[in-house]
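A.B. asks: Before anything else, here's the structure in question.
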Number of protein chains: 2
Amino acid sequence: MERVLERLERLFALGGGTGANRPGLSRAEQEAHDLVAAWMAEDGLAVSVDPVGNLVGRLPGTRPELPEVWTGSHLDSVPDGGRYDGALGVVGGLEAVGRAAAAGALERTLAVIAFRDEEGSRFGRGLFGSRALCGRLATDDLEQCDAAGVSVREALAALGLPPPDPAGCLERAPAAFVECHVEQGVVLAARGAPLGVATAIVGVARGWAEFSGLARHAGTTPMDARDDALVAAAEFVLRLRDAARAVEGAVATGGRIEVEPGAVNVVPGRARVSVDVRAPDRGRLDAVLTAVPEAHVHVTDPVPLAPGPTGALRQAIADAGLPVEELASGAGHDAMVLAAAGVPTGLLFVRSLADGASHCPEEETSAEDVALAVEVLAGALGRLAGV
Amino acid sequence: MERVLERLERLFALGGGTGANRPGLSRAEQEAHDLVAAWMAEDGLAVSVDPVGNLVGRLPGTRPELPEVWTGSHLDSVPDGGRYDGALGVVGGLEAVGRAAAAGALERTLAVIAFRDEEGSRFGRGLFGSRALCGRLATDDLEQCDAAGVSVREALAALGLPPPDPAGCLERAPAAFVECHVEQGVVLAARGAPLGVATAIVGVARGWAEFSGLARHAGTTPMDARDDALVAAAEFVLRLRDAARAVEGAVATGGRIEVEPGAVNVVPGRARVSVDVRAPDRGRLDAVLTAVPEAHVHVTDPVPLAPGPTGALRQAIADAGLPVEELASGAGHDAMVLAAAGVPTGLLFVRSLADGASHCPEEETSAEDVALAVEVLAGALGRLAGV
């Protein structure tokens, strides 16, 4: 397991700064891809780069004509990110593929994939590599620009990559995709479990709730003559919280709030609160939204994960003598894109420490849990690839 | 009464723009002072300017050795302010002084005063003329600057005025000061009364309440694992509202709110809400503050108004056949400064229309109510000046 941790450390150091600094489609992300390509070759995999820049390493099975079994994640990071987010799924995936093949000749070809620009912190949207692979880019994705005014199209060109084919470049869908990722939350730690199997990627409703009142003099307007927009917003924040609490597995967040005129001595005349509601299925999402009709939201539907890979993960966890914990993924991952595109997909979570801190240098997962994740992932890949 | 309304209209038009535009210590305020000085002379008053630039017009009584009786207000305005705020107290005061004297020979000299820079919208503090008169300037008041970087000291010099004497320039305290001002609120309109007598200038507690929680991922943090600073702030906003509602005559406002990190997908880790609590006496102010111990505030004590001038106003209102309505002044006025300096002071409020709108061109008071205010003010001044 030393090798996995050493490789994570080398990737972490690549971009400089106090944390991981490998923005999507940047030189630092490219260096990470080059480094991992070298490790893939070192480990005996056949290395290739797909038309949109995703890195793929293959270990051929005994029946290469069968659809392959994939694992992987991403190598880009947010600014000053953590050691494990994305990188663990690639480096640990590479380790697991090697271990699965070493355990016996497998029928299906195993592949490790490193997707491009999952985070979206540079160009705003993210999940670029997986969406480009699956033909799920929006028409204006290539024109999104970073803070320096560089567009996705230009960043691709600087890496020697042509604009992606809108239809995608997935020549043959894999039989299964299993992503391994740190939880970035506190659920597994609270349950005392090192690993968990995601049952679904939550649906997300995002938007704003707006309130209008009467902006009036804070000194001359009696309490019973007020229509205070911040009071209405405050009641909404608490009702939103209560609504999510009442629905198992749902969460809701008011992360931003704005009031006008925003003066100490004026009763607020307008207020708006951002709304982010998530739930593992549409029914539960709607149950929360029903309680907050003021919220105007755009809904991204939940994505269920597939019985095949999810069952293989569950079995491998049990084989390792660990409790089989299930949880919904509260965040999107490349797994979400592949699942939505019809690839039978599973998602293995590894316990986060440090109160679930992620997207920061403090992100932490223990060496023991990393070892268990590799063991379980290898077991699941072996099952899926067939002895 | 035509003359009062015409004069208000001329002052309103002075500075250009869509509302009153006569910033404190500006050329437009000076033009207003010059115009009113001309009207004072036209009406037979002896015109003078005090050492800090306040305009005074006197109508000598039969016993000029007695302390005088004053009325007045200010001639400056906020940007795009209303027709009545301040100006009514000067123009209506001038009319009332003339009418009181015409009703019979008075013992005491009557004076109308126009204070400088009451609003403070230019230099930030306001009540300049009355504070300078009473020796209540802060040591750094002259160094306050406007948006263009011009200091109070420079603005005074541009008007030909020397820096004020820190001890003030009140040679002989008047026997009484009675200010007439539009209510800038909705209380009199709600009671169906054209006029009201202020019982006190409210005390004001102003500051912030701060809340810290844990900034966490909005998708991966279950509701029961959250410490959401905005939820705490929302509960505070409602508790502040309830605390003020429970105390007769008190008001409380959260006019500003800020959260960090302020991202749609992050549970707020910090929040702060501005706090503005007002009440007619210290006991009631403290009663509200006790219910919101998180609020860290600076308290300006309430200022009671004096029985003499207040009684004279009450009597004059009754003489006019009007209901005698009492209310606290929720805002500071020049009357507050004179009362705090020991001058027996009264404050007459005139009903505001347009939902109490003020500090905007929509500010409205009816011609009938202006006429009643002048009649009542004349009556009160006559009583105070002695037949």
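Residue numbers start at 1 in each chain; chains themselves are named A, B, ... in the order of the structure tokens; ligands are numbered from 1 in the order shown.
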With the cut-off set at 6 Å and counting only C-alpha atoms, tabulate each residue of chain B with an atom at most that distance from an atom of chain A, showing the nearest atom pair and its distance in Å to one decimal, ordered by chain and increasing number, as a tab-separated table.

C.D. replies:
residue	atom	partner	partner_atom	distance
B:Gly185	CA	A:Thr220	CA	4.9
B:Gly219	CA	A:Gly330	CA	4.1
B:Thr220	CA	A:Gly330	CA	4.6
B:Thr221	CA	A:Gly185	CA	5.6
B:Met223	CA	A:Val251	CA	5.8
B:Ala234	CA	A:Ala234	CA	4.4
B:Val251	CA	A:Met223	CA	5.8
B:Gly255	CA	A:Val264	CA	4.6
B:Arg256	CA	A:Gly262	CA	4.7
B:Gly262	CA	A:Arg256	CA	4.7
B:Ala263	CA	A:Gly255	CA	5.3
B:Val264	CA	A:Gly255	CA	4.6
B:Val266	CA	A:Gly255	CA	5.7
B:Val267	CA	A:Gly255	CA	5.6
B:Pro268	CA	A:Gly255	CA	5.6
B:Ser274	CA	A:Val264	CA	6.0
B:Gly330	CA	A:Gly219	CA	4.1
B:Ala331	CA	A:Gly219	CA	5.4

A.B. asks: Leaving out stretch 25-38 of chain B and any residue of its chain fewer than 6 positions from it, which residues lie within 8 Å of it when counting only C-alpha atoms, given as a list of chain:residue names?

C.D. replies: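 After dropping sequence-adjacent residues, the list is B:Leu11, B:Leu14, B:Gly15, B:Val47, B:Leu55, B:Gly57, B:Leu75, B:Asp76, B:Val91, B:Ala114, B:Arg116, B:Asp117, B:Val152, B:Ala155, B:Leu156, B:Leu159.
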
A.B. asks: Apply DSSP to the backbone of this structure and, from stretch 106-214 of chain B, keep only the residues in alpha helix (DSSP H); write these as a list in words.

C.D. replies: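 DSSP on the backbone gives alpha helix (DSSP H) at Phe128, Gly129, Ser130, Arg131, Ala132, Leu133, Val152, Arg153, Glu154, Ala155, Leu156, Ala157, Ala158, Val187, Leu188, Ala189, Ala190 and Arg191 of chain B.
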
A.B. asks: Now that the selection is made, can you save its residues with C-alpha atoms as a PDB file, in the first residue's frame?

C.D. replies:
ATOM      1  CA  PHE B 128     -23.999  69.594  12.707  1.00  0.00           C
ATOM      2  CA  GLY B 129     -25.523  73.044  13.188  1.00  0.00           C
ATOM      3  CA  SER B 130     -27.349  72.201  16.402  1.00  0.00           C
ATOM      4  CA  ARG B 131     -24.379  70.312  17.842  1.00  0.00           C
ATOM      5  CA  ALA B 132     -21.974  73.101  16.919  1.00  0.00           C
ATOM      6  CA  LEU B 133     -24.315  75.621  18.530  1.00  0.00           C
ATOM      7  CA  VAL B 152     -16.241  69.608   7.051  1.00  0.00           C
ATOM      8  CA  ARG B 153     -13.529  72.141   7.857  1.00  0.00           C
ATOM      9  CA  GLU B 154     -12.999  72.837   4.141  1.00  0.00           C
ATOM     10  CA  ALA B 155     -16.732  72.979   3.437  1.00  0.00           C
ATOM     11  CA  LEU B 156     -17.153  75.557   6.210  1.00  0.00           C
ATOM     12  CA  ALA B 157     -14.254  77.613   4.854  1.00  0.00           C
ATOM     13  CA  ALA B 158     -15.783  77.557   1.386  1.00  0.00           C
ATOM     14  CA  VAL B 187     -48.406  56.261  13.284  1.00  0.00           C
ATOM     15  CA  LEU B 188     -50.449  59.454  12.883  1.00  0.00           C
ATOM     16  CA  ALA B 189     -51.941  58.241   9.608  1.00  0.00           C
ATOM     17  CA  ALA B 190     -52.964  54.991  11.316  1.00  0.00           C
ATOM     18  CA  ARG B 191     -54.583  56.961  14.145  1.00  0.00           C
TER      19      ARG B 191
END

A.B. asks: I need the residue nearest B:Ser366 from this list: B:Pro293, B:Pro194, B:Pro79, B:Pro162. Use only C-alpha atoms for the distance.

C.D. replies: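 Selected residue with least distance to B:Ser366: B:Pro194.
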
A.B. asks: Can you work out which one of A:Ala243, A:Val337, A:Glu325, A:Ala320 has the shortest atom-to-atom distance to A:Leu137, counting only C-alpha atoms?

C.D. replies: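 The shortest atom-to-atom distance to A:Leu137 comes from A:Val337.
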
A.B. asks: Could you give me, as a list in words, the residues within 8 Å of stretch 380-385 of chain A, counting only C-alpha atoms and dropping anything in the same chain fewer than 2 positions from it?

C.D. replies: Glu68, Val69, Ala96, Val97, Ala100, Ala101, Leu106, Glu107, Arg108, Thr109, Leu110, Ala176, Val178, Gly308, Pro309, Ala312, Leu313, Gln315, Ala316, Val376, Leu377, Ala378 and Val387 of chain A

A.B. asks: Could you turn the residues from that selection into a file that holds N, CA and C atoms, as a CSV table (one decimal), in the first residue's frame?

C.D. replies:
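Generated file (selection00.csv):
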chain,number,residue,atom,x,y,z
A,68,GLU,N,-15.7,-4.1,-21.8
A,68,GLU,CA,-14.7,-4.0,-20.7
A,68,GLU,C,-15.3,-3.7,-19.4
A,69,VAL,N,-14.5,-3.8,-18.3
A,69,VAL,CA,-14.9,-3.3,-17.0
A,69,VAL,C,-13.9,-2.2,-16.6
A,96,ALA,N,-5.8,-1.5,-7.8
A,96,ALA,CA,-6.8,-2.6,-7.7
A,96,ALA,C,-6.9,-3.4,-9.0
A,97,VAL,N,-6.7,-2.8,-10.2
A,97,VAL,CA,-6.7,-3.5,-11.4
A,97,VAL,C,-5.6,-4.5,-11.5
A,100,ALA,N,-6.4,-7.3,-9.0
A,100,ALA,CA,-7.5,-8.2,-9.5
A,100,ALA,C,-6.9,-9.1,-10.6
A,101,ALA,N,-6.1,-8.6,-11.5
A,101,ALA,CA,-5.5,-9.5,-12.5
A,101,ALA,C,-4.6,-10.5,-12.0
A,106,LEU,N,-8.6,-13.1,-15.9
A,106,LEU,CA,-9.9,-12.5,-16.0
A,106,LEU,C,-10.4,-12.5,-17.5
A,107,GLU,N,-11.7,-12.8,-17.7
A,107,GLU,CA,-12.2,-12.8,-19.0
A,107,GLU,C,-12.2,-11.4,-19.7
A,108,ARG,N,-12.7,-10.4,-18.9
A,108,ARG,CA,-12.9,-9.1,-19.5
A,108,ARG,C,-11.7,-8.3,-19.3
A,109,THR,N,-11.4,-7.4,-20.3
A,109,THR,CA,-10.3,-6.4,-20.1
A,109,THR,C,-10.7,-5.4,-19.0
A,110,LEU,N,-9.7,-5.2,-18.2
A,110,LEU,CA,-9.9,-4.1,-17.1
A,110,LEU,C,-9.3,-2.9,-17.6
A,176,ALA,N,-19.3,-2.3,-17.2
A,176,ALA,CA,-19.5,-1.7,-15.9
A,176,ALA,C,-18.4,-0.6,-15.7
A,178,VAL,N,-16.9,1.3,-12.2
A,178,VAL,CA,-16.9,1.5,-10.7
A,178,VAL,C,-15.9,2.6,-10.3
A,308,GLY,N,-25.7,-4.4,-10.8
A,308,GLY,CA,-24.6,-5.3,-11.0
A,308,GLY,C,-23.3,-4.8,-10.3
A,309,PRO,N,-22.8,-3.6,-10.6
A,309,PRO,CA,-21.6,-3.2,-9.9
A,309,PRO,C,-21.8,-2.9,-8.4
A,312,ALA,N,-21.6,-6.1,-6.7
A,312,ALA,CA,-20.3,-6.6,-6.6
A,312,ALA,C,-19.5,-5.9,-5.5
A,313,LEU,N,-19.7,-4.6,-5.4
A,313,LEU,CA,-19.1,-3.8,-4.3
A,313,LEU,C,-19.6,-4.3,-2.9
A,315,GLN,N,-20.7,-7.2,-2.1
A,315,GLN,CA,-20.2,-8.6,-1.9
A,315,GLN,C,-18.7,-8.5,-1.5
A,316,ALA,N,-17.9,-7.6,-2.2
A,316,ALA,CA,-16.5,-7.5,-1.9
A,316,ALA,C,-16.3,-6.9,-0.5
A,376,VAL,N,-11.2,-4.0,-1.6
A,376,VAL,CA,-12.6,-4.1,-2.0
A,376,VAL,C,-12.8,-3.8,-3.5
A,377,LEU,N,-12.1,-2.8,-4.0
A,377,LEU,CA,-12.3,-2.4,-5.4
A,377,LEU,C,-11.7,-3.6,-6.3
A,378,ALA,N,-10.6,-4.1,-5.9
A,378,ALA,CA,-10.0,-5.3,-6.6
A,378,ALA,C,-11.0,-6.4,-6.6
A,387,VAL,N,-14.0,-14.7,-13.7
A,387,VAL,CA,-12.8,-15.6,-13.6
A,387,VAL,C,-12.7,-16.5,-14.7
